[in-house]
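One structure is given below, encoded as structure tokens.
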Amino acid sequence: MKFTCLHACHPPLLLLHSRMCHTIFSPPAWRRLRSPPLSSNKRLLARAPNATTNDGRLLREGIAEFYDESSSLWEDIWGDHMHHGYYNPDSSVSVSDHRAAQVRMIEEALRFAAVSEEPTEKPERVVDVGCGIGGSSRYISQKFGAKCLGITLSPVQAQRANAIAAAQGLADQVSFQVADALEQPFPDGQFDLVWSMESGEHMPNKKKFVSELARVAAPGATIIIVTWCHRDLAPSEQSLQQWEKELLNKICNAYYLPAWCSTADYVELLQSLSLQDIKAADWSKYVAPFWPAVIRSALTWKGLTSLLRSGLKTIKGAFAMPLMIEGYKKDLIKFSIITCRKPQ
Ligand code: SAH
């Protein structure tokens with residue numbers, strides 16, 4: 001996922017810039033240690049670095065540094081939502097209105113999960129796991145009158161998220177802190193909406209990730225995960241094809257990601273935790289205009305000057321963005337939503 005940031009969830013140039021600086025041009029140690037971006041639950045569970053290994057620590061530090069460096073640039077160009085827009089061809093939202101499309105992503109996710117707006121049923125306590133600079137938390141807090149707690153690995157993001165909340169008079173409603181999604185600083189059963197918008201792709205241990213989402217959820221709570229996945233494997237397949245692995249590896253290098261998994265892997269993990277009403281969908285077609293827009297924004301005067309200020313590595317990093325478009329076009333990358341409910 002910002003202008004220069006071309007990172008997507010994170011998209012834009014800036015981000016891209018940071019990710020590239022940390023990876024292609026200066027590969028962090030965690031990347032040399034980890035396994036290739038492939039899955040099947042067994043592999044994920046067996047090989048993913050967990051939160052306590054050196055591998056996991058290096059990844060966390062890298063992600064934190066990456067967002068520390070890039071978030072203000074992203075905010076400058078794209079605003080406070082660090083995720084794809086939802087571009088429904090049937091909607092009144094113009095394809096060029098990216099802020100509206102990003103808000104629509106939040107609305108569509110809530111709708112897909114059937115989160116009620118009824119006064120007696122609407123969420124009152126929300127956790128935003130991987131909160132960026134708090135765009136989702138502030139929106140959801142205002143929509144439902146809910147209290148939201150956000151966590152991010154980036155101290156700069158947490159500070160900025162709290163500052164925006166204070167400036168908007170929301171300091172009593174929302175609050176942000178640095179914490180690891182894999183070791184959340186919350187007791188069990190705290191939240192009636194558990195929200196993860198484009199942070200799951202950063203998680204090196206998907207089982208631990210969803211276990212923590214389920215642990216902090218209150219009985220009856222809704223869990224919403226919107227994330228990048230690779231395509232589901234066919235029953236006859238043991239793994240992705242070689243060219244697919246190579247493309248994902250390049251994207252991992254460019255965007256600072258650990259191993260990917262499929263939507264079916266997430267569903268299986270949620271089933272293994274006995275969660276209910278599990279639903280999943282592929283929203284790739286609704287986000288298709290996003291990456292081309294990020295590339296266009298990098299090519300504006302503002303984007304280009306930000307890029308130039310950021311330096312040659314950032315410019316080189318921008319060249320990795322078409323890989324995401326290629327991944328979507330070749331049906332390798334899926335923009336997935338997976339939702340469920342914790343039993344009462
Ligand atoms: N959900 C936000 C930000 C998405 S960017 C939005 O839609 O605007 C990805 C976010 O995930 C960043 O804030 C990053 O710090 C966070 N993140 C990645 N790995 C994390 C981890 N292990 N624990 C907590 N946050 C994490």
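Residue numbering restarts at 1 for every chain of the structure tokens, chains are lettered A, B, ... in their displayed order, and ligands are numbered from 1 as they appear.
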7 Å shell around ligand 1 using only C-alpha atoms and all ligand atoms, listed as a PyMOL selection string
chain A and resi 1+9-10+60+63-64+67+80-83+129-136+151-154+157+179-182+196-199+202-203
Could those selected residues go to a file with N, CA and C atoms, as an mmCIF file, in the first residue's frame?
data_model
loop_
_atom_site.group_PDB
_atom_site.id
_atom_site.type_symbol
_atom_site.label_atom_id
_atom_site.label_comp_id
_atom_site.auth_asym_id
_atom_site.auth_seq_id
_atom_site.Cartn_x
_atom_site.Cartn_y
_atom_site.Cartn_z
ATOM 1 N N MET A 1 0.198 -0.359 0.000
ATOM 2 C CA MET A 1 0.000 0.000 0.000
ATOM 3 C C MET A 1 0.547 0.993 0.000
ATOM 4 N N CYS A 9 -1.948 -2.153 0.028
ATOM 5 C CA CYS A 9 -2.863 -2.223 1.053
ATOM 6 C C CYS A 9 -2.728 -0.953 1.565
ATOM 7 N N HIS A 10 -2.056 -0.907 0.866
ATOM 8 C CA HIS A 10 -0.878 -0.350 1.244
ATOM 9 C C HIS A 10 -0.282 0.049 -0.005
ATOM 10 N N ARG A 60 8.612 -8.537 11.921
ATOM 11 C CA ARG A 60 7.870 -7.459 12.603
ATOM 12 C C ARG A 60 8.625 -6.140 12.540
ATOM 13 N N ILE A 63 8.389 -4.718 8.979
ATOM 14 C CA ILE A 63 7.073 -4.139 8.662
ATOM 15 C C ILE A 63 6.911 -2.800 9.381
ATOM 16 N N ALA A 64 7.314 -2.759 10.650
ATOM 17 C CA ALA A 64 7.166 -1.519 11.421
ATOM 18 C C ALA A 64 7.948 -0.387 10.767
ATOM 19 N N TYR A 67 6.286 0.830 7.469
ATOM 20 C CA TYR A 67 5.126 1.728 7.620
ATOM 21 C C TYR A 67 5.500 3.027 8.320
ATOM 22 N N ASP A 80 -6.541 8.601 4.487
ATOM 23 C CA ASP A 80 -6.295 7.785 5.681
ATOM 24 C C ASP A 80 -6.679 6.317 5.536
ATOM 25 N N HIS A 81 -7.210 5.897 4.391
ATOM 26 C CA HIS A 81 -7.502 4.473 4.172
ATOM 27 C C HIS A 81 -6.380 3.842 3.359
ATOM 28 N N MET A 82 -5.732 2.843 3.960
ATOM 29 C CA MET A 82 -4.598 2.205 3.288
ATOM 30 C C MET A 82 -5.030 0.857 2.720
ATOM 31 N N HIS A 83 -6.089 0.857 1.945
ATOM 32 C CA HIS A 83 -6.564 -0.403 1.349
ATOM 33 C C HIS A 83 -7.186 -0.139 -0.018
ATOM 34 N N VAL A 129 -7.496 -4.805 13.670
ATOM 35 C CA VAL A 129 -6.214 -5.535 13.726
ATOM 36 C C VAL A 129 -5.377 -5.195 12.482
ATOM 37 N N GLY A 130 -4.305 -4.458 12.694
ATOM 38 C CA GLY A 130 -3.528 -3.934 11.570
ATOM 39 C C GLY A 130 -4.207 -2.673 11.082
ATOM 40 N N CYS A 131 -4.207 -1.653 11.940
ATOM 41 C CA CYS A 131 -5.143 -0.515 11.781
ATOM 42 C C CYS A 131 -4.626 0.597 10.887
ATOM 43 N N GLY A 132 -3.362 0.526 10.422
ATOM 44 C CA GLY A 132 -2.849 1.634 9.626
ATOM 45 C C GLY A 132 -2.903 2.921 10.443
ATOM 46 N N ILE A 133 -3.397 4.001 9.838
ATOM 47 C CA ILE A 133 -3.542 5.251 10.582
ATOM 48 C C ILE A 133 -4.999 5.442 11.021
ATOM 49 N N GLY A 134 -5.719 4.334 11.128
ATOM 50 C CA GLY A 134 -7.002 4.336 11.820
ATOM 51 C C GLY A 134 -8.224 4.721 11.003
ATOM 52 N N GLY A 135 -8.100 4.704 9.681
ATOM 53 C CA GLY A 135 -9.244 5.104 8.839
ATOM 54 C C GLY A 135 -10.484 4.256 9.091
ATOM 55 N N SER A 136 -10.305 2.924 9.135
ATOM 56 C CA SER A 136 -11.465 2.048 9.362
ATOM 57 C C SER A 136 -12.055 2.273 10.743
ATOM 58 N N ILE A 151 -4.659 -1.773 16.555
ATOM 59 C CA ILE A 151 -3.253 -2.141 16.778
ATOM 60 C C ILE A 151 -2.506 -2.168 15.456
ATOM 61 N N THR A 152 -1.254 -1.738 15.517
ATOM 62 C CA THR A 152 -0.366 -1.722 14.361
ATOM 63 C C THR A 152 1.037 -1.988 14.860
ATOM 64 N N LEU A 153 1.911 -2.423 13.965
ATOM 65 C CA LEU A 153 3.305 -2.599 14.365
ATOM 66 C C LEU A 153 4.073 -1.289 14.302
ATOM 67 N N SER A 154 3.503 -0.283 13.664
ATOM 68 C CA SER A 154 4.231 0.959 13.390
ATOM 69 C C SER A 154 3.935 2.039 14.431
ATOM 70 N N GLN A 157 2.456 5.120 12.822
ATOM 71 C CA GLN A 157 1.033 4.992 12.495
ATOM 72 C C GLN A 157 0.160 5.164 13.736
ATOM 73 N N ALA A 179 1.106 -2.974 18.817
ATOM 74 C CA ALA A 179 0.974 -4.341 19.347
ATOM 75 C C ALA A 179 0.976 -5.312 18.177
ATOM 76 N N ASP A 180 1.319 -6.555 18.476
ATOM 77 C CA ASP A 180 1.399 -7.604 17.464
ATOM 78 C C ASP A 180 0.069 -8.349 17.370
ATOM 79 N N ALA A 181 -0.457 -8.448 16.177
ATOM 80 C CA ALA A 181 -1.715 -9.169 15.957
ATOM 81 C C ALA A 181 -1.629 -10.626 16.397
ATOM 82 N N LEU A 182 -0.416 -11.166 16.431
ATOM 83 C CA LEU A 182 -0.253 -12.565 16.807
ATOM 84 C C LEU A 182 -0.144 -12.749 18.319
ATOM 85 N N SER A 196 -10.161 -7.013 10.329
ATOM 86 C CA SER A 196 -8.802 -7.027 9.780
ATOM 87 C C SER A 196 -8.881 -6.682 8.296
ATOM 88 N N MET A 197 -8.541 -5.457 7.970
ATOM 89 C CA MET A 197 -8.604 -4.985 6.579
ATOM 90 C C MET A 197 -7.201 -4.927 5.987
ATOM 91 N N GLU A 198 -6.913 -5.860 5.116
ATOM 92 C CA GLU A 198 -5.633 -5.911 4.412
ATOM 93 C C GLU A 198 -4.426 -5.875 5.355
ATOM 94 N N SER A 199 -4.499 -6.668 6.387
ATOM 95 C CA SER A 199 -3.309 -6.868 7.222
ATOM 96 C C SER A 199 -2.913 -8.341 7.255
ATOM 97 N N HIS A 202 0.296 -9.800 5.793
ATOM 98 C CA HIS A 202 1.575 -9.578 6.482
ATOM 99 C C HIS A 202 1.845 -10.633 7.559
ATOM 100 N N MET A 203 0.871 -11.477 7.864
ATOM 101 C CA MET A 203 1.000 -12.368 9.023
ATOM 102 C C MET A 203 1.747 -13.648 8.637
#
Considering only C-alpha atoms, tabulate each residue of stretch 51-137 of chain A that lies at most 12 Å from stretch 257-266 of chain A along with its nearest interatomic pair and the corresponding distance in Å to one decimal; arrange the rows by chain and ascending residue number and present them as a Markdown table.
| residue | atom | partner | partner_atom | distance |
| --- | --- | --- | --- | --- |
| A:Asp55 | CA | A:Pro258 | CA | 10.5 |
| A:Gly56 | CA | A:Pro258 | CA | 9.8 |
| A:Leu58 | CA | A:Pro258 | CA | 11.4 |
| A:Leu59 | CA | A:Pro258 | CA | 8.2 |
| A:Arg60 | CA | A:Leu257 | CA | 10.6 |
| A:Gly62 | CA | A:Leu257 | CA | 10.0 |
| A:Ile63 | CA | A:Leu257 | CA | 8.7 |
| A:Phe66 | CA | A:Leu257 | CA | 11.3 |
Could you save those same residues with all heavy atoms as a tab-separated table (two decimals), in the first residue's frame?
chain	number	residue	atom	x	y	z
A	55	ASP	N	13.05	-15.21	13.29
A	55	ASP	CA	12.45	-14.93	12.00
A	55	ASP	C	11.25	-13.98	12.13
A	55	ASP	O	11.14	-12.99	11.41
A	55	ASP	CB	11.94	-16.28	11.46
A	55	ASP	CG	12.14	-16.40	9.98
A	55	ASP	OD1	12.69	-15.47	9.40
A	55	ASP	OD2	11.75	-17.45	9.44
A	56	GLY	N	10.37	-14.32	13.07
A	56	GLY	CA	9.18	-13.49	13.29
A	56	GLY	C	9.55	-12.10	13.77
A	56	GLY	O	8.96	-11.11	13.35
A	58	LEU	N	12.30	-10.41	13.16
A	58	LEU	CA	12.86	-9.62	12.06
A	58	LEU	C	11.77	-9.13	11.12
A	58	LEU	O	11.81	-8.01	10.63
A	58	LEU	CB	13.89	-10.47	11.29
A	58	LEU	CG	15.20	-10.73	12.03
A	58	LEU	CD1	16.02	-11.78	11.30
A	58	LEU	CD2	15.99	-9.43	12.17
A	59	LEU	N	10.78	-9.99	10.88
A	59	LEU	CA	9.68	-9.58	10.02
A	59	LEU	C	8.91	-8.42	10.65
A	59	LEU	O	8.62	-7.42	9.98
A	59	LEU	CB	8.75	-10.76	9.75
A	59	LEU	CG	7.47	-10.44	8.95
A	59	LEU	CD1	7.80	-9.83	7.60
A	59	LEU	CD2	6.63	-11.71	8.77
A	60	ARG	N	8.61	-8.54	11.92
A	60	ARG	CA	7.87	-7.46	12.60
A	60	ARG	C	8.63	-6.14	12.54
A	60	ARG	O	8.05	-5.10	12.27
A	60	ARG	CB	7.62	-7.82	14.07
A	60	ARG	CG	6.55	-8.85	14.29
A	60	ARG	CD	6.06	-8.85	15.73
A	60	ARG	NE	7.12	-9.07	16.69
A	60	ARG	CZ	7.64	-10.27	16.99
A	60	ARG	NH1	7.18	-11.34	16.39
A	60	ARG	NH2	8.61	-10.39	17.88
A	62	GLY	N	10.81	-5.25	10.36
A	62	GLY	CA	10.82	-4.75	8.99
A	62	GLY	C	9.51	-4.08	8.61
A	62	GLY	O	9.49	-3.01	8.00
A	63	ILE	N	8.39	-4.72	8.98
A	63	ILE	CA	7.07	-4.14	8.66
A	63	ILE	C	6.91	-2.80	9.38
A	63	ILE	O	6.45	-1.81	8.79
A	63	ILE	CB	5.95	-5.12	9.06
A	63	ILE	CG1	5.97	-6.36	8.15
A	63	ILE	CG2	4.58	-4.44	8.97
A	63	ILE	CD1	5.06	-7.49	8.61
A	66	PHE	N	8.95	-0.16	7.73
A	66	PHE	CA	8.36	0.11	6.42
A	66	PHE	C	7.19	1.10	6.54
A	66	PHE	O	7.11	2.11	5.84
A	66	PHE	CB	7.92	-1.23	5.85
A	66	PHE	CG	6.99	-1.17	4.71
A	66	PHE	CD1	7.31	-0.48	3.56
A	66	PHE	CD2	5.77	-1.83	4.77
A	66	PHE	CE1	6.44	-0.45	2.48
A	66	PHE	CE2	4.89	-1.80	3.71
A	66	PHE	CZ	5.23	-1.11	2.56
Quick check for you: according to DSSP on this backbone, which residues of stretch 45-216 of chain A are classed as alpha helix (DSSP H)? Reply as a ChimeraX atom specification.
/A:45-47,54-78,98-112,135-144,155-167,206-216
DSSP strand (DSSP E) selection over stretch 168-218 of chain A, as a list in words
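Output for stretch 168-218 of chain A, strand (DSSP E) only: Val174, Ser175, Phe176, Gln177, Val178, Phe191, Asp192, Leu193, Val194, Trp195, Ser196, Met197, Ala217 and Ala218 of chain A.
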Would you write out those residues with N, CA, C and O atoms, as a PDB file, in the first residue's frame?
ATOM      1  N   VAL A 174     -12.008   6.183  20.029  1.00  0.00           N
ATOM      2  CA  VAL A 174     -11.045   5.317  19.354  1.00  0.00           C
ATOM      3  C   VAL A 174      -9.659   5.537  19.924  1.00  0.00           C
ATOM      4  O   VAL A 174      -9.323   6.656  20.335  1.00  0.00           O
ATOM      5  N   SER A 175      -8.871   4.473  19.937  1.00  0.00           N
ATOM      6  CA  SER A 175      -7.525   4.613  20.456  1.00  0.00           C
ATOM      7  C   SER A 175      -6.627   3.563  19.817  1.00  0.00           C
ATOM      8  O   SER A 175      -7.085   2.468  19.462  1.00  0.00           O
ATOM      9  N   PHE A 176      -5.377   3.925  19.642  1.00  0.00           N
ATOM     10  CA  PHE A 176      -4.467   3.090  18.853  1.00  0.00           C
ATOM     11  C   PHE A 176      -3.174   2.850  19.613  1.00  0.00           C
ATOM     12  O   PHE A 176      -2.696   3.726  20.318  1.00  0.00           O
ATOM     13  N   GLN A 177      -2.635   1.656  19.437  1.00  0.00           N
ATOM     14  CA  GLN A 177      -1.386   1.337  20.112  1.00  0.00           C
ATOM     15  C   GLN A 177      -0.565   0.384  19.259  1.00  0.00           C
ATOM     16  O   GLN A 177      -1.080  -0.273  18.353  1.00  0.00           O
ATOM     17  N   VAL A 178       0.716   0.322  19.593  1.00  0.00           N
ATOM     18  CA  VAL A 178       1.603  -0.623  18.926  1.00  0.00           C
ATOM     19  C   VAL A 178       1.444  -1.981  19.595  1.00  0.00           C
ATOM     20  O   VAL A 178       1.578  -2.096  20.814  1.00  0.00           O
ATOM     21  N   PHE A 191     -14.460  -8.242  22.158  1.00  0.00           N
ATOM     22  CA  PHE A 191     -14.962  -7.392  21.069  1.00  0.00           C
ATOM     23  C   PHE A 191     -16.123  -8.043  20.324  1.00  0.00           C
ATOM     24  O   PHE A 191     -16.097  -9.238  20.054  1.00  0.00           O
ATOM     25  N   ASP A 192     -17.138  -7.233  19.967  1.00  0.00           N
ATOM     26  CA  ASP A 192     -18.225  -7.834  19.191  1.00  0.00           C
ATOM     27  C   ASP A 192     -18.086  -7.621  17.689  1.00  0.00           C
ATOM     28  O   ASP A 192     -18.874  -8.168  16.918  1.00  0.00           O
ATOM     29  N   LEU A 193     -17.060  -6.868  17.277  1.00  0.00           N
ATOM     30  CA  LEU A 193     -16.650  -6.869  15.868  1.00  0.00           C
ATOM     31  C   LEU A 193     -15.124  -6.917  15.830  1.00  0.00           C
ATOM     32  O   LEU A 193     -14.448  -6.070  16.426  1.00  0.00           O
ATOM     33  N   VAL A 194     -14.596  -7.934  15.139  1.00  0.00           N
ATOM     34  CA  VAL A 194     -13.145  -8.098  14.979  1.00  0.00           C
ATOM     35  C   VAL A 194     -12.842  -7.850  13.504  1.00  0.00           C
ATOM     36  O   VAL A 194     -13.324  -8.574  12.635  1.00  0.00           O
ATOM     37  N   TRP A 195     -12.047  -6.824  13.230  1.00  0.00           N
ATOM     38  CA  TRP A 195     -11.884  -6.278  11.878  1.00  0.00           C
ATOM     39  C   TRP A 195     -10.428  -6.362  11.451  1.00  0.00           C
ATOM     40  O   TRP A 195      -9.550  -5.839  12.145  1.00  0.00           O
ATOM     41  N   SER A 196     -10.161  -7.013  10.329  1.00  0.00           N
ATOM     42  CA  SER A 196      -8.802  -7.027   9.780  1.00  0.00           C
ATOM     43  C   SER A 196      -8.881  -6.682   8.296  1.00  0.00           C
ATOM     44  O   SER A 196      -9.242  -7.523   7.465  1.00  0.00           O
ATOM     45  N   MET A 197      -8.541  -5.457   7.970  1.00  0.00           N
ATOM     46  CA  MET A 197      -8.604  -4.985   6.579  1.00  0.00           C
ATOM     47  C   MET A 197      -7.201  -4.927   5.987  1.00  0.00           C
ATOM     48  O   MET A 197      -6.388  -4.072   6.345  1.00  0.00           O
ATOM     49  N   ALA A 217     -12.530 -12.227  20.215  1.00  0.00           N
ATOM     50  CA  ALA A 217     -13.947 -12.039  19.869  1.00  0.00           C
ATOM     51  C   ALA A 217     -14.840 -12.479  21.030  1.00  0.00           C
ATOM     52  O   ALA A 217     -14.593 -13.505  21.670  1.00  0.00           O
ATOM     53  N   ALA A 218     -15.881 -11.694  21.288  1.00  0.00           N
ATOM     54  CA  ALA A 218     -16.873 -12.071  22.303  1.00  0.00           C
ATOM     55  C   ALA A 218     -17.786 -13.143  21.723  1.00  0.00           C
ATOM     56  O   ALA A 218     -17.899 -13.286  20.499  1.00  0.00           O
TER      57      ALA A 218
END
Here is a test: counting only C-alpha atoms, which residue of A:Ile223, A:Leu213, A:Ala161, A:Val103 is nearest to A:Gln276?
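Ranked by minimum distance to A:Gln276, first place goes to A:Ile223.
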Go through A:Pro322, A:Pro204, A:Pro292, A:Gly327 and flag the residue nearest A:Lys245, using only C-alpha atoms for the distances.
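Of all the options, A:Gly327 lies closest to A:Lys245.
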One decimal, Å: what's the distance from atom CA of A:Leu233 over to atom CA of A:Asn88, could you say?
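Value for the atom CA of A:Leu233-atom CA of A:Asn88 distance: 27.1 Å.
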One decimal, in Å: what's the spacing between atom CA of A:Cys148 and atom CA of A:Val127?
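We find that atom CA of A:Cys148 and atom CA of A:Val127 lie 5.6 Å from each other.
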Measuring atom to atom with only C-alpha atoms, identify which of A:Lys122, A:Leu332, A:Ala254, A:Arg57 is nearest to A:Gln241.
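Smallest separation from A:Gln241 among the options: A:Leu332.
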Do you have the atom CA of A:Ile224-atom CA of A:Glu108 distance handy?
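Separation of atom CA of A:Ile224 and atom CA of A:Glu108: 11.2 Å.
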Closest of A:Tyr328, A:Ala163, A:Phe209, A:Leu170 to A:Ile140 - atom-to-atom distances counting only C-alpha atoms:
A:Leu170
Within 12 Å of A:Lys330, counting only C-alpha atoms, which residues qualify if same-chain residues fewer than 6 places away don't, as a ChimeraX atom specification?
/A:230-231,243-244,247-248,284,323-324
